[in-house]
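Structure file query.cif; described as mmCIF, C-alpha atoms and all ligand atoms.
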data_coords
#
loop_
_atom_site.label_atom_id
_atom_site.label_comp_id
_atom_site.auth_asym_id
_atom_site.auth_seq_id
_atom_site.Cartn_x
_atom_site.Cartn_y
_atom_site.Cartn_z
CA MET A 2 -43.07 -12.67 46.12
CA ILE A 3 -40.67 -14.25 43.66
CA GLY A 4 -37.02 -14.40 44.72
CA TYR A 5 -34.72 -11.60 43.56
CA GLY A 6 -31.03 -12.29 43.18
CA VAL A 7 -27.94 -11.65 41.15
CA ALA A 8 -25.85 -14.12 39.19
CA THR A 9 -22.13 -14.65 38.56
CA SER A 10 -19.96 -17.51 37.39
CA ALA A 11 -16.74 -18.88 38.82
CA TYR A 12 -14.47 -18.35 35.83
CA GLN A 13 -15.66 -14.82 35.24
CA ILE A 14 -15.05 -13.51 38.75
CA GLU A 15 -12.89 -15.79 40.89
CA GLY A 16 -9.39 -15.43 39.44
CA ALA A 17 -6.90 -17.40 41.58
CA VAL A 18 -6.53 -19.93 38.81
CA ASP A 19 -3.39 -21.51 40.31
CA VAL A 20 -4.46 -21.40 43.93
CA ASP A 21 -5.29 -24.24 46.35
CA GLY A 22 -4.78 -27.03 43.84
CA ARG A 23 -7.13 -25.81 41.08
CA GLY A 24 -6.34 -27.51 37.78
CA PRO A 25 -6.34 -25.83 34.36
CA SER A 26 -9.57 -25.48 32.44
CA THR A 27 -10.38 -25.27 28.74
CA TRP A 28 -10.88 -21.52 29.15
CA ASP A 29 -7.40 -21.05 30.67
CA GLU A 30 -5.99 -22.68 27.57
CA PHE A 31 -8.32 -20.88 25.15
CA CYS A 32 -7.27 -17.48 26.53
CA THR A 33 -3.65 -18.19 25.56
CA ARG A 34 -4.55 -18.49 21.86
CA ALA A 35 -3.72 -15.49 19.71
CA GLY A 36 -6.87 -13.60 18.76
CA ALA A 37 -9.23 -15.74 20.84
CA ILE A 38 -10.10 -12.94 23.28
CA VAL A 39 -10.77 -9.59 21.61
CA ASP A 40 -8.63 -7.53 23.97
CA GLY A 41 -6.01 -10.24 24.50
CA SER A 42 -6.97 -10.44 28.17
CA ASP A 43 -7.61 -13.43 30.41
CA ALA A 44 -9.25 -14.31 33.73
CA ARG A 45 -6.20 -15.18 35.79
CA VAL A 46 -7.07 -12.48 38.30
CA ALA A 47 -10.58 -11.58 37.13
CA CYS A 48 -12.37 -9.83 40.03
CA ASP A 49 -10.28 -11.85 42.49
CA SER A 50 -13.51 -12.90 44.15
CA TYR A 51 -11.77 -16.05 45.36
CA HIS A 52 -9.93 -13.82 47.82
CA ARG A 53 -12.55 -11.08 48.15
CA PHE A 54 -15.71 -12.98 48.89
CA ASP A 55 -16.17 -10.90 52.05
CA GLU A 56 -16.48 -7.75 49.95
CA ASP A 57 -18.83 -9.43 47.51
CA LEU A 58 -20.95 -10.79 50.31
CA ALA A 59 -21.28 -7.27 51.72
CA LEU A 60 -22.47 -6.13 48.28
CA LEU A 61 -25.05 -8.92 48.21
CA GLU A 62 -26.25 -7.92 51.65
CA GLY A 63 -26.47 -4.30 50.58
CA LEU A 64 -28.66 -5.30 47.66
CA GLY A 65 -30.98 -7.24 49.92
CA VAL A 66 -31.06 -10.18 47.51
CA THR A 67 -32.92 -13.29 48.56
CA ALA A 68 -30.63 -15.59 46.55
CA TYR A 69 -27.17 -15.62 44.98
CA ARG A 70 -26.52 -17.61 41.82
CA PHE A 71 -22.87 -18.62 41.48
CA SER A 72 -21.10 -21.51 39.83
CA VAL A 73 -18.76 -24.14 41.21
CA ALA A 74 -15.50 -24.50 39.29
CA TRP A 75 -15.08 -28.14 38.34
CA PRO A 76 -11.26 -27.77 38.09
CA ARG A 77 -11.14 -26.59 41.71
CA VAL A 78 -13.04 -29.66 42.88
CA GLN A 79 -11.39 -32.19 40.55
CA PRO A 80 -8.24 -30.65 39.08
CA THR A 81 -8.04 -33.31 36.36
CA GLY A 82 -11.77 -33.90 36.05
CA ARG A 83 -11.71 -37.28 37.77
CA GLY A 84 -10.83 -38.88 41.09
CA PRO A 85 -11.33 -37.73 44.67
CA ALA A 86 -12.22 -34.17 45.55
CA ASN A 87 -9.53 -31.60 46.12
CA PRO A 88 -10.34 -30.71 49.76
CA ALA A 89 -9.38 -27.03 49.43
CA GLY A 90 -11.59 -26.61 46.37
CA LEU A 91 -14.67 -28.02 48.05
CA ALA A 92 -13.92 -26.16 51.27
CA TYR A 93 -14.07 -22.84 49.41
CA TYR A 94 -17.66 -23.41 48.31
CA ASP A 95 -18.58 -24.97 51.63
CA ARG A 96 -17.58 -21.76 53.42
CA MET A 97 -19.36 -19.68 50.81
CA VAL A 98 -22.62 -21.55 51.40
CA ASP A 99 -22.36 -21.10 55.16
CA ARG A 100 -21.59 -17.41 54.86
CA LEU A 101 -24.54 -16.84 52.52
CA LEU A 102 -26.90 -18.74 54.79
CA ASP A 103 -25.66 -16.73 57.78
CA LYS A 104 -26.84 -13.62 55.98
CA GLY A 105 -30.18 -15.14 55.02
CA ILE A 106 -29.21 -15.41 51.34
CA ARG A 107 -30.19 -18.63 49.54
CA PRO A 108 -27.15 -20.19 47.78
CA PHE A 109 -28.09 -21.13 44.21
CA PRO A 110 -25.20 -23.03 42.62
CA THR A 111 -24.63 -24.08 39.03
CA LEU A 112 -22.33 -27.06 38.60
CA PHE A 113 -21.00 -26.32 35.11
CA HIS A 114 -20.62 -22.83 33.74
CA TRP A 115 -18.17 -23.69 30.92
CA ASP A 116 -14.87 -24.27 32.78
CA LEU A 117 -14.20 -27.89 31.84
CA PRO A 118 -11.03 -29.42 33.35
CA LEU A 119 -8.48 -29.33 30.54
CA ALA A 120 -7.52 -32.97 31.15
CA LEU A 121 -11.03 -34.01 30.10
CA GLU A 122 -10.80 -31.93 26.94
CA ASP A 123 -7.59 -33.78 26.13
CA GLU A 124 -9.59 -37.01 26.41
CA GLY A 125 -12.22 -35.80 23.94
CA GLY A 126 -14.23 -33.22 25.89
CA TRP A 127 -18.01 -33.02 25.63
CA PRO A 128 -18.17 -34.79 22.25
CA ALA A 129 -16.94 -37.89 24.16
CA ARG A 130 -19.53 -39.83 26.17
CA ASP A 131 -17.15 -40.33 29.05
CA THR A 132 -17.30 -36.61 29.88
CA ALA A 133 -21.00 -36.99 30.74
CA LEU A 134 -20.10 -39.79 33.14
CA ARG A 135 -17.27 -37.80 34.68
CA PHE A 136 -19.74 -34.94 35.19
CA VAL A 137 -21.95 -37.20 37.30
CA ASP A 138 -19.03 -38.11 39.59
CA TYR A 139 -18.10 -34.47 39.96
CA ALA A 140 -21.69 -33.41 40.64
CA LEU A 141 -22.03 -36.00 43.40
CA LEU A 142 -18.86 -34.80 45.09
CA VAL A 143 -20.29 -31.30 45.26
CA THR A 144 -23.83 -32.22 46.25
CA GLY A 145 -22.47 -34.76 48.75
CA ARG A 146 -20.71 -31.92 50.52
CA LEU A 147 -23.15 -29.01 50.11
CA GLY A 148 -26.48 -30.75 49.59
CA ASP A 149 -27.33 -30.81 53.31
CA ARG A 150 -27.77 -27.01 53.08
CA VAL A 151 -28.52 -26.48 49.39
CA PRO A 152 -31.75 -27.99 48.04
CA THR A 153 -31.82 -26.48 44.53
CA TRP A 154 -29.19 -27.22 41.90
CA ALA A 155 -28.52 -26.21 38.32
CA THR A 156 -26.47 -28.75 36.44
CA LEU A 157 -25.51 -26.75 33.32
CA ASN A 158 -25.43 -23.15 32.25
CA GLU A 159 -26.35 -22.46 28.60
CA PRO A 160 -25.22 -25.73 27.06
CA TRP A 161 -25.89 -24.19 23.62
CA CYS A 162 -22.83 -21.99 24.13
CA THR A 163 -20.55 -24.87 25.09
CA ALA A 164 -21.79 -27.06 22.27
CA PHE A 165 -22.20 -24.62 19.38
CA LEU A 166 -20.05 -21.57 20.16
CA GLY A 167 -17.37 -23.97 21.41
CA HIS A 168 -17.51 -26.72 18.80
CA ALA A 169 -19.19 -25.30 15.66
CA ALA A 170 -18.32 -21.57 15.57
CA GLY A 171 -15.12 -22.11 17.55
CA VAL A 172 -15.37 -18.70 19.21
CA PHE A 173 -15.58 -20.13 22.73
CA ALA A 174 -13.43 -22.80 24.37
CA PRO A 175 -12.44 -25.35 23.22
CA GLY A 176 -12.37 -23.49 19.90
CA ARG A 177 -13.32 -26.37 17.61
CA ARG A 178 -15.05 -25.91 14.26
CA GLU A 179 -16.61 -29.30 13.74
CA PRO A 180 -20.40 -29.21 13.46
CA ALA A 181 -20.82 -32.95 14.00
CA ALA A 182 -18.84 -32.68 17.24
CA ALA A 183 -21.11 -29.81 18.31
CA PHE A 184 -24.20 -32.02 18.05
CA ASP A 185 -22.40 -34.79 19.94
CA ALA A 186 -21.39 -32.27 22.62
CA ALA A 187 -25.00 -31.06 22.89
CA HIS A 188 -26.19 -34.64 23.31
CA HIS A 189 -23.63 -35.43 26.00
CA LEU A 190 -24.35 -32.22 27.86
CA LEU A 191 -28.01 -33.19 28.02
CA LEU A 192 -27.13 -36.75 28.95
CA GLY A 193 -24.71 -35.53 31.64
CA HIS A 194 -27.45 -33.29 33.02
CA ALA A 195 -30.00 -36.11 33.09
CA LEU A 196 -27.65 -38.66 34.66
CA ALA A 197 -26.41 -36.17 37.23
CA ALA A 198 -29.95 -35.07 38.09
CA ALA A 199 -31.02 -38.67 38.73
CA ALA A 200 -27.91 -39.40 40.78
CA ILE A 201 -28.29 -36.23 42.87
CA ARG A 202 -31.94 -37.02 43.63
CA GLU A 203 -30.91 -40.50 44.76
CA GLN A 204 -28.14 -39.12 46.94
CA ARG A 205 -30.25 -36.24 48.24
CA PRO A 206 -33.95 -37.10 48.21
CA GLY A 207 -35.94 -33.90 47.83
CA ALA A 208 -33.25 -32.07 45.86
CA GLU A 209 -34.60 -30.01 42.97
CA VAL A 210 -32.33 -30.30 39.98
CA GLY A 211 -32.74 -28.21 36.87
CA LEU A 212 -30.66 -26.67 34.13
CA VAL A 213 -30.23 -23.23 32.63
CA LEU A 214 -30.89 -22.58 28.94
CA ASN A 215 -30.42 -19.48 26.84
CA LEU A 216 -33.74 -19.40 25.05
CA THR A 217 -34.97 -16.60 22.88
CA PRO A 218 -37.71 -15.85 20.35
CA VAL A 219 -36.42 -16.05 16.79
CA ARG A 220 -38.19 -13.45 14.66
CA ARG A 221 -38.12 -13.02 10.90
CA GLU A 222 -37.43 -9.69 9.22
CA PRO A 223 -39.24 -9.16 5.90
CA ASP A 224 -36.10 -10.17 3.96
CA GLY A 225 -35.29 -13.11 6.25
CA ASP A 226 -35.40 -16.70 5.01
CA PRO A 227 -38.03 -18.73 6.91
CA VAL A 228 -35.80 -21.80 6.60
CA ALA A 229 -33.05 -19.95 8.45
CA VAL A 230 -35.53 -18.89 11.13
CA GLU A 231 -36.54 -22.50 11.66
CA ALA A 232 -32.95 -23.72 11.71
CA VAL A 233 -31.83 -21.11 14.25
CA ASP A 234 -34.87 -21.77 16.45
CA ALA A 235 -34.17 -25.51 16.28
CA VAL A 236 -30.54 -25.21 17.42
CA GLN A 237 -31.04 -22.40 19.91
CA ASN A 238 -34.31 -23.43 21.56
CA ARG A 239 -35.99 -26.58 20.40
CA LEU A 240 -33.05 -28.97 20.55
CA TRP A 241 -33.01 -28.49 24.34
CA VAL A 242 -36.68 -28.00 25.07
CA ASP A 243 -37.93 -30.79 22.79
CA ALA A 244 -35.41 -33.20 24.33
CA LEU A 245 -36.56 -32.29 27.85
CA ALA A 246 -40.27 -32.19 27.02
CA ASP A 247 -40.66 -35.02 24.51
CA GLY A 248 -37.42 -37.00 24.52
CA ARG A 249 -36.69 -36.22 20.87
CA TYR A 250 -34.69 -33.78 18.79
CA PRO A 251 -36.29 -31.50 16.18
CA ALA A 252 -36.68 -33.33 12.89
CA VAL A 253 -34.88 -30.53 11.02
CA LEU A 254 -31.64 -31.26 12.89
CA PRO A 255 -29.23 -34.12 12.31
CA VAL A 256 -29.45 -36.87 14.91
CA PRO A 257 -26.19 -36.68 16.88
CA GLY A 258 -23.93 -39.55 15.89
CA ALA A 259 -23.22 -40.11 19.58
CA ALA A 260 -26.86 -40.69 20.55
CA ARG A 261 -27.62 -44.19 21.79
CA ALA A 262 -30.99 -45.86 22.14
CA GLY A 263 -32.54 -44.92 25.47
CA ASP A 264 -30.50 -41.75 26.04
CA LEU A 265 -33.33 -39.37 25.25
CA GLU A 266 -35.70 -41.31 27.47
CA LEU A 267 -33.38 -40.33 30.31
CA VAL A 268 -33.43 -36.69 29.24
CA ARG A 269 -37.19 -36.47 28.92
CA GLY A 270 -38.67 -35.08 32.14
CA SER A 271 -35.24 -34.78 33.77
CA ALA A 272 -35.57 -31.12 34.77
CA ASP A 273 -37.35 -30.36 38.04
CA TRP A 274 -37.15 -26.71 37.01
CA VAL A 275 -35.79 -24.78 34.06
CA GLY A 276 -33.75 -21.59 34.12
CA VAL A 277 -34.21 -19.12 31.30
CA ASN A 278 -31.34 -16.76 30.51
CA TYR A 279 -32.72 -13.98 28.38
CA TYR A 280 -30.96 -10.94 26.97
CA THR A 281 -32.37 -10.23 23.51
CA PRO A 282 -34.66 -11.57 20.82
CA PHE A 283 -33.09 -12.73 17.55
CA ARG A 284 -34.13 -11.17 14.26
CA ILE A 285 -33.19 -13.05 11.15
CA GLY A 286 -32.42 -10.71 8.27
CA ALA A 287 -31.25 -10.93 4.68
CA PRO A 288 -29.07 -13.84 3.63
CA ALA A 289 -25.40 -12.92 4.00
CA PRO A 290 -22.17 -14.86 4.05
CA ALA A 291 -21.13 -15.93 7.55
CA THR A 292 -19.49 -13.21 9.61
CA ASP A 293 -18.72 -13.19 13.27
CA ALA A 294 -20.95 -11.03 15.41
CA VAL A 295 -20.63 -10.74 19.14
CA GLY A 296 -22.28 -13.68 20.83
CA GLN A 297 -24.54 -14.14 17.84
CA ASP A 298 -22.32 -16.09 15.56
CA VAL A 299 -23.99 -17.33 12.41
CA ASP A 300 -21.55 -20.28 12.25
CA ALA A 301 -23.07 -21.53 15.47
CA TYR A 302 -26.13 -22.78 13.58
CA PRO A 303 -24.87 -25.65 11.45
CA GLY A 304 -27.14 -26.48 8.56
CA ALA A 305 -28.90 -23.10 8.48
CA PRO A 306 -28.92 -21.40 5.08
CA ASP A 307 -27.01 -18.09 4.92
CA PHE A 308 -28.60 -15.42 7.08
CA SER A 309 -27.70 -12.30 9.01
CA PHE A 310 -28.73 -11.10 12.43
CA ALA A 311 -30.65 -7.85 12.07
CA PRO A 312 -31.11 -6.39 15.56
CA ARG A 313 -33.22 -3.23 15.77
CA PRO A 314 -32.17 -0.32 17.99
CA PRO A 315 -31.91 0.33 20.85
CA LEU A 316 -28.85 -1.89 21.17
CA THR A 317 -26.60 -2.69 24.11
CA SER A 318 -22.83 -2.45 23.69
CA MET A 319 -22.89 -6.17 22.79
CA GLY A 320 -24.97 -5.17 19.76
CA TRP A 321 -27.98 -6.91 21.28
CA GLU A 322 -31.45 -5.50 20.71
CA VAL A 323 -33.27 -4.37 23.85
CA ASP A 324 -36.79 -5.78 23.86
CA ALA A 325 -38.42 -6.97 27.06
CA SER A 326 -41.37 -8.46 25.18
CA GLY A 327 -39.02 -11.27 24.17
CA LEU A 328 -38.63 -12.30 27.80
CA GLU A 329 -42.36 -12.44 28.32
CA GLU A 330 -42.76 -14.43 25.13
CA VAL A 331 -40.06 -16.94 25.98
CA LEU A 332 -41.44 -17.49 29.48
CA HIS A 333 -44.90 -18.20 28.07
CA GLU A 334 -43.50 -20.52 25.41
CA THR A 335 -41.33 -22.45 27.85
CA ALA A 336 -44.25 -22.84 30.25
CA ARG A 337 -46.39 -24.10 27.36
CA ARG A 338 -43.80 -26.68 26.33
CA LEU A 339 -42.99 -27.81 29.88
CA PRO A 340 -46.30 -27.62 31.72
CA GLY A 341 -46.00 -27.75 35.49
CA VAL A 342 -42.24 -27.19 35.47
CA PRO A 343 -41.22 -24.21 37.63
CA LEU A 344 -39.26 -21.57 35.73
CA ARG A 345 -36.64 -19.11 36.86
CA VAL A 346 -35.10 -16.16 35.06
CA THR A 347 -31.56 -17.18 35.88
CA GLU A 348 -29.84 -14.34 33.97
CA ASN A 349 -31.01 -11.04 32.55
CA GLY A 350 -29.06 -7.85 32.14
CA ALA A 351 -27.21 -5.59 29.76
CA ALA A 352 -23.75 -4.37 28.88
CA PHE A 353 -23.43 -0.66 28.24
CA ARG A 354 -20.47 1.66 28.04
CA ASP A 355 -21.08 3.13 31.46
CA PRO A 356 -20.05 6.75 31.71
CA ALA A 357 -17.35 6.65 34.37
CA GLY A 358 -18.85 3.39 35.48
CA VAL A 359 -21.56 4.77 37.72
CA PRO A 360 -24.61 6.66 36.33
CA ASP A 361 -25.87 3.75 34.28
CA GLU A 362 -29.38 4.92 33.42
CA ASP A 363 -29.52 2.63 30.37
CA ARG A 364 -29.04 -0.43 32.55
CA ILE A 365 -31.73 0.74 34.96
CA GLY A 366 -34.14 1.17 32.04
CA TYR A 367 -33.26 -2.29 30.77
CA LEU A 368 -33.76 -3.97 34.14
CA ALA A 369 -36.98 -2.07 34.87
CA SER A 370 -38.59 -3.06 31.57
CA HIS A 371 -37.58 -6.70 31.94
CA LEU A 372 -38.75 -6.91 35.55
CA GLU A 373 -42.10 -5.56 34.36
CA ALA A 374 -42.18 -8.28 31.71
CA VAL A 375 -41.62 -10.89 34.44
CA ASP A 376 -44.45 -9.36 36.49
CA ARG A 377 -46.78 -9.60 33.51
CA ALA A 378 -45.84 -13.23 32.93
CA VAL A 379 -46.40 -14.07 36.60
CA ALA A 380 -49.74 -12.25 36.59
CA ALA A 381 -50.72 -14.34 33.57
CA GLY A 382 -49.97 -17.52 35.50
CA VAL A 383 -46.46 -18.43 34.31
CA PRO A 384 -44.75 -20.16 37.24
CA VAL A 385 -41.66 -17.94 37.57
CA HIS A 386 -39.99 -18.53 40.93
CA ASP A 387 -36.91 -16.31 40.86
CA TYR A 388 -35.28 -13.53 38.88
CA PHE A 389 -31.49 -13.08 38.82
CA ALA A 390 -29.86 -9.99 37.35
CA TRP A 391 -26.64 -10.56 35.41
CA SER A 392 -24.36 -9.59 36.96
CA LEU A 393 -23.26 -8.54 40.42
CA LEU A 394 -19.87 -7.35 39.12
CA ASP A 395 -18.31 -6.23 35.87
CA ASN A 396 -16.38 -9.35 34.95
CA PHE A 397 -14.51 -11.37 32.32
CA GLU A 398 -16.94 -11.54 29.41
CA TRP A 399 -15.45 -14.64 27.72
CA ALA A 400 -14.30 -13.94 24.14
CA GLN A 401 -15.11 -10.25 24.71
CA GLY A 402 -12.59 -10.15 27.56
CA TRP A 403 -12.94 -7.00 29.66
CA THR A 404 -14.58 -4.93 26.92
CA GLN A 405 -18.18 -5.54 28.00
CA THR A 406 -19.54 -4.55 31.38
CA PHE A 407 -22.75 -6.10 32.69
CA GLY A 408 -22.24 -5.40 36.39
CA LEU A 409 -24.37 -3.56 38.90
CA VAL A 410 -21.00 -2.90 40.45
CA ALA A 411 -17.91 -1.70 38.58
CA VAL A 412 -14.53 -3.22 39.42
CA GLU A 413 -11.60 -0.85 39.06
CA PRO A 414 -9.02 -2.59 36.90
CA GLU A 415 -5.93 -1.57 38.89
CA THR A 416 -7.18 -1.86 42.44
CA LEU A 417 -10.12 -4.25 41.99
CA ARG A 418 -12.05 -1.86 44.19
CA ARG A 419 -15.79 -2.41 43.89
CA VAL A 420 -17.79 0.71 42.93
CA PRO A 421 -21.58 0.32 42.96
CA LYS A 422 -23.33 1.87 39.98
CA ALA A 423 -26.69 3.65 40.09
CA SER A 424 -28.33 0.38 38.97
CA TYR A 425 -27.11 -1.25 42.19
CA GLY A 426 -29.05 1.26 44.29
CA TRP A 427 -32.03 1.04 41.96
CA TYR A 428 -32.19 -2.77 42.19
CA ALA A 429 -31.77 -2.64 45.99
CA ASP A 430 -34.78 -0.28 46.14
CA HIS A 431 -36.78 -2.53 43.85
CA ILE A 432 -36.13 -5.53 46.06
CA ALA A 433 -36.87 -3.59 49.25
CA LYS A 434 -40.22 -2.42 47.84
CA ARG A 435 -41.12 -5.95 46.82
CA ARG A 436 -40.27 -7.22 50.28
CA LEU A 437 -42.50 -4.56 51.84
CA LEU A 438 -45.40 -5.42 49.53
CA SER A 439 -45.13 -9.16 50.00
CA PRO A 440 -47.64 -10.61 52.44
O1 LIG A 501 -21.50 -13.44 30.76
C1 LIG A 501 -22.41 -14.32 30.17
C2 LIG A 501 -22.69 -15.49 31.08
O2 LIG A 501 -21.54 -16.17 31.44
C3 LIG A 501 -23.62 -16.45 30.40
N1 LIG A 501 -24.79 -15.80 29.88
C4 LIG A 501 -24.60 -14.61 29.11
C5 LIG A 501 -23.71 -13.64 29.86
C6 LIG A 501 -23.53 -12.35 29.03
O3 LIG A 501 -22.98 -12.65 27.79
#

For the file at hand, write its structure as structure tokens.
Amino acid sequence: MIGYGVATSAYQIEGAVDVDGRGPSTWDEFCTRAGAIVDGSDARVACDSYHRFDEDLALLEGLGVTAYRFSVAWPRVQPTGRGPANPAGLAYYDRMVDRLLDKGIRPFPTLFHWDLPLALEDEGGWPARDTALRFVDYALLVTGRLGDRVPTWATLNEPWCTAFLGHAAGVFAPGRREPAAAFDAAHHLLLGHALAAAAIREQRPGAEVGLVLNLTPVRREPDGDPVAVEAVDAVQNRLWVDALADGRYPAVLPVPGAARAGDLELVRGSADWVGVNYYTPFRIGAPAPATDAVGQDVDAYPGAPDFSFAPRPPLTSMGWEVDASGLEEVLHETARRLPGVPLRVTENGAAFRDPAGVPDEDRIGYLASHLEAVDRAVAAGVPVHDYFAWSLLDNFEWAQGWTQTFGLVAVEPETLRRVPKASYGWYADHIAKRRLLSP
């Protein structure tokens, strides 16, 4: 049986941003900018999971998950992004790992899910090479403390978002609109991953270190420009996969100014496993001047000719097309490009306007169809090891603030009371059946 889990990230659920010595992150600063978050909200309290891990652990137990994917907040561990570890920050995750293991749940941490210490942004952020080196120091502090109990690590979550939504489109922290800086950021994210992976393996022989990419098929509508299709595919998918598989960037993209000889040799083959986050396929439609669309921002593809996203119904409340065949396709394609590399579906899920939060039949339909797609891929020989639903809780959806709900569990805004939705019970049943069927 593959592993079945749920995923969250520190910034989206923890809250407690000023507690126990945590330093400020780029997202704390970004949330203060007028218009940056659609509903003007922030994540200062979020789901308050920092103080309510007991409740969340009970929810995980109730689901019967085999693994829990969470992220470690760099600014809790190193409040300024450098120097010795903040003991309280590391202790929080140390306790979390023990508590999960006590319940027979495999801890599955990601080291960077977008919350860069603000002090490092002030020194240049990801477009600066030093940030990749700082990331290695931070990673070793975490794996030095937790790696005796945690064998599998994700370095980065969706570096495309940090690089291109953050530095080209400017709709995510740090809110820059400088395409050249976006390519430099992408390069340093990959370099940081590769250097950290090598250092972790040296520190912890046997550790399995991978990274999590948001990969998706890019399809052309009849009126779509094939050049735009190629450009979007290059930035979204191939930049990352080609670098990992072949140690080169797609020829249609500019070579990042920051790249130095030998860097890509370090990146090639640096992933012991690859996580695929899949939500929707992309459909490239008629050329149109750049407009912002939720999470699918045309400005995030520097160099692409004008295009529009043309999702076909049914759509989620994010405006994302629901099509499970895209997950199957992307798993096959990733396995083809990275033969022998274990894959994991590290995020998959949907935001819907849940009627009163609970009877979320749309989400159940979405999860069921995508789990079937995973089954088909596995039956066809794709080495998928785990599936993680996004997300355990309704949480802070970045630039969409609190307007989009992906959770299997609703969180009441006033009381922060957790209210399981129908999808929670459905997923628990799915996991229980799989456990029964597994030899
Ligand atoms: O909430 C995000 C998550 O942080 C990263 N992957 C996509 C999710 C939904 O947008």

Give me the chain A side of the contact with ligand LIG 501 (chain A), cut-off 9 Å, one line per residue showing its nearest atom pair and distance in Å at one decimal, counting all atoms listed in the file, sorted by chain and residue number, as a Markdown table.
| residue | atom | partner | partner_atom | distance |
| --- | --- | --- | --- | --- |
| A:Ala8 | CA | A:LIG501 | C2 | 8.8 |
| A:Thr9 | CA | A:LIG501 | O2 | 7.3 |
| A:Ser10 | CA | A:LIG501 | O2 | 6.3 |
| A:Tyr12 | CA | A:LIG501 | O2 | 8.6 |
| A:Gln13 | CA | A:LIG501 | O2 | 7.1 |
| A:His114 | CA | A:LIG501 | O2 | 7.1 |
| A:Trp115 | CA | A:LIG501 | O2 | 8.3 |
| A:Asn158 | CA | A:LIG501 | C3 | 7.2 |
| A:Glu159 | CA | A:LIG501 | C3 | 6.8 |
| A:Cys162 | CA | A:LIG501 | C3 | 8.4 |
| A:Asn215 | CA | A:LIG501 | N1 | 7.4 |
| A:Asn278 | CA | A:LIG501 | N1 | 6.6 |
| A:Tyr279 | CA | A:LIG501 | C4 | 8.2 |
| A:Tyr280 | CA | A:LIG501 | C4 | 7.6 |
| A:Gly296 | CA | A:LIG501 | O3 | 7.1 |
| A:Met319 | CA | A:LIG501 | O3 | 8.2 |
| A:Glu348 | CA | A:LIG501 | N1 | 6.7 |
| A:Asn349 | CA | A:LIG501 | C4 | 8.1 |
| A:Gly350 | CA | A:LIG501 | C6 | 7.8 |
| A:Ala351 | CA | A:LIG501 | C6 | 7.7 |
| A:Ala352 | CA | A:LIG501 | C6 | 8.0 |
| A:Trp391 | CA | A:LIG501 | C5 | 7.0 |
| A:Ser392 | CA | A:LIG501 | O1 | 7.8 |
| A:Asn396 | CA | A:LIG501 | O1 | 7.8 |
| A:Phe397 | CA | A:LIG501 | O1 | 7.5 |
| A:Glu398 | CA | A:LIG501 | O1 | 5.1 |
| A:Trp399 | CA | A:LIG501 | O1 | 6.9 |
| A:Gln401 | CA | A:LIG501 | O3 | 8.8 |
| A:Gln405 | CA | A:LIG501 | O3 | 8.6 |
| A:Phe407 | CA | A:LIG501 | C6 | 7.3 |

Closest of A:Trp241, A:Ser42, A:Trp75, A:Glu124 to Tyr139 in chain A, counting all atoms listed in the file, is A:Trp75

Practice item. Within 8 Å of range 88-98 of chain A, counting all atoms listed in the file, which residues show up once you throw out same-chain ones fewer than 3 positions away? Write them as a ChimeraX atom specification, please. Key: /A:21-23,54,73,77-78,101-102,108,143,146-147,150-151

Practice problem: Go ahead and compute the interatomic distance for CA of Asp123 in chain A and CA of Ser26 in chain A, in Å to one decimal. | Solution: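 Taking CA of Asp123 in chain A and CA of Ser26 in chain A, their separation equals 10.6 Å.
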
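Taking only C-alpha atoms into account, Leu267 in chain A lies nearest to A:Ala199 out of the set A:Val219, A:Ala199, A:Ala133, A:Pro314.
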
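CA of Gly258 in chain A to CA of Thr132 in chain A spans 15.8 Å [interatomic distance, one decimal].
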
message = With distances taken over only C-alpha atoms, which residue among A:Glu266, A:Asp19, A:Glu62, A:Asp307 lies nearest Ala429 in chain A?
response =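 Residue with the minimum atom-to-atom distance to Ala429 in chain A: A:Glu62.
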
Take every atom of range 111-129 of chain A listed in the file, pad by 6 Å on each side, and give me the axis-aligned box centre and edge lengths in Å, one decimal, as JSON.
{"center_x": -16.1, "center_y": -30.4, "center_z": 30.6, "size_x": 29.1, "size_y": 27.1, "size_z": 28.8}

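Pairwise distance (CA of Pro306 in chain A, CA of Val228 in chain A) equals 7.1 Å.
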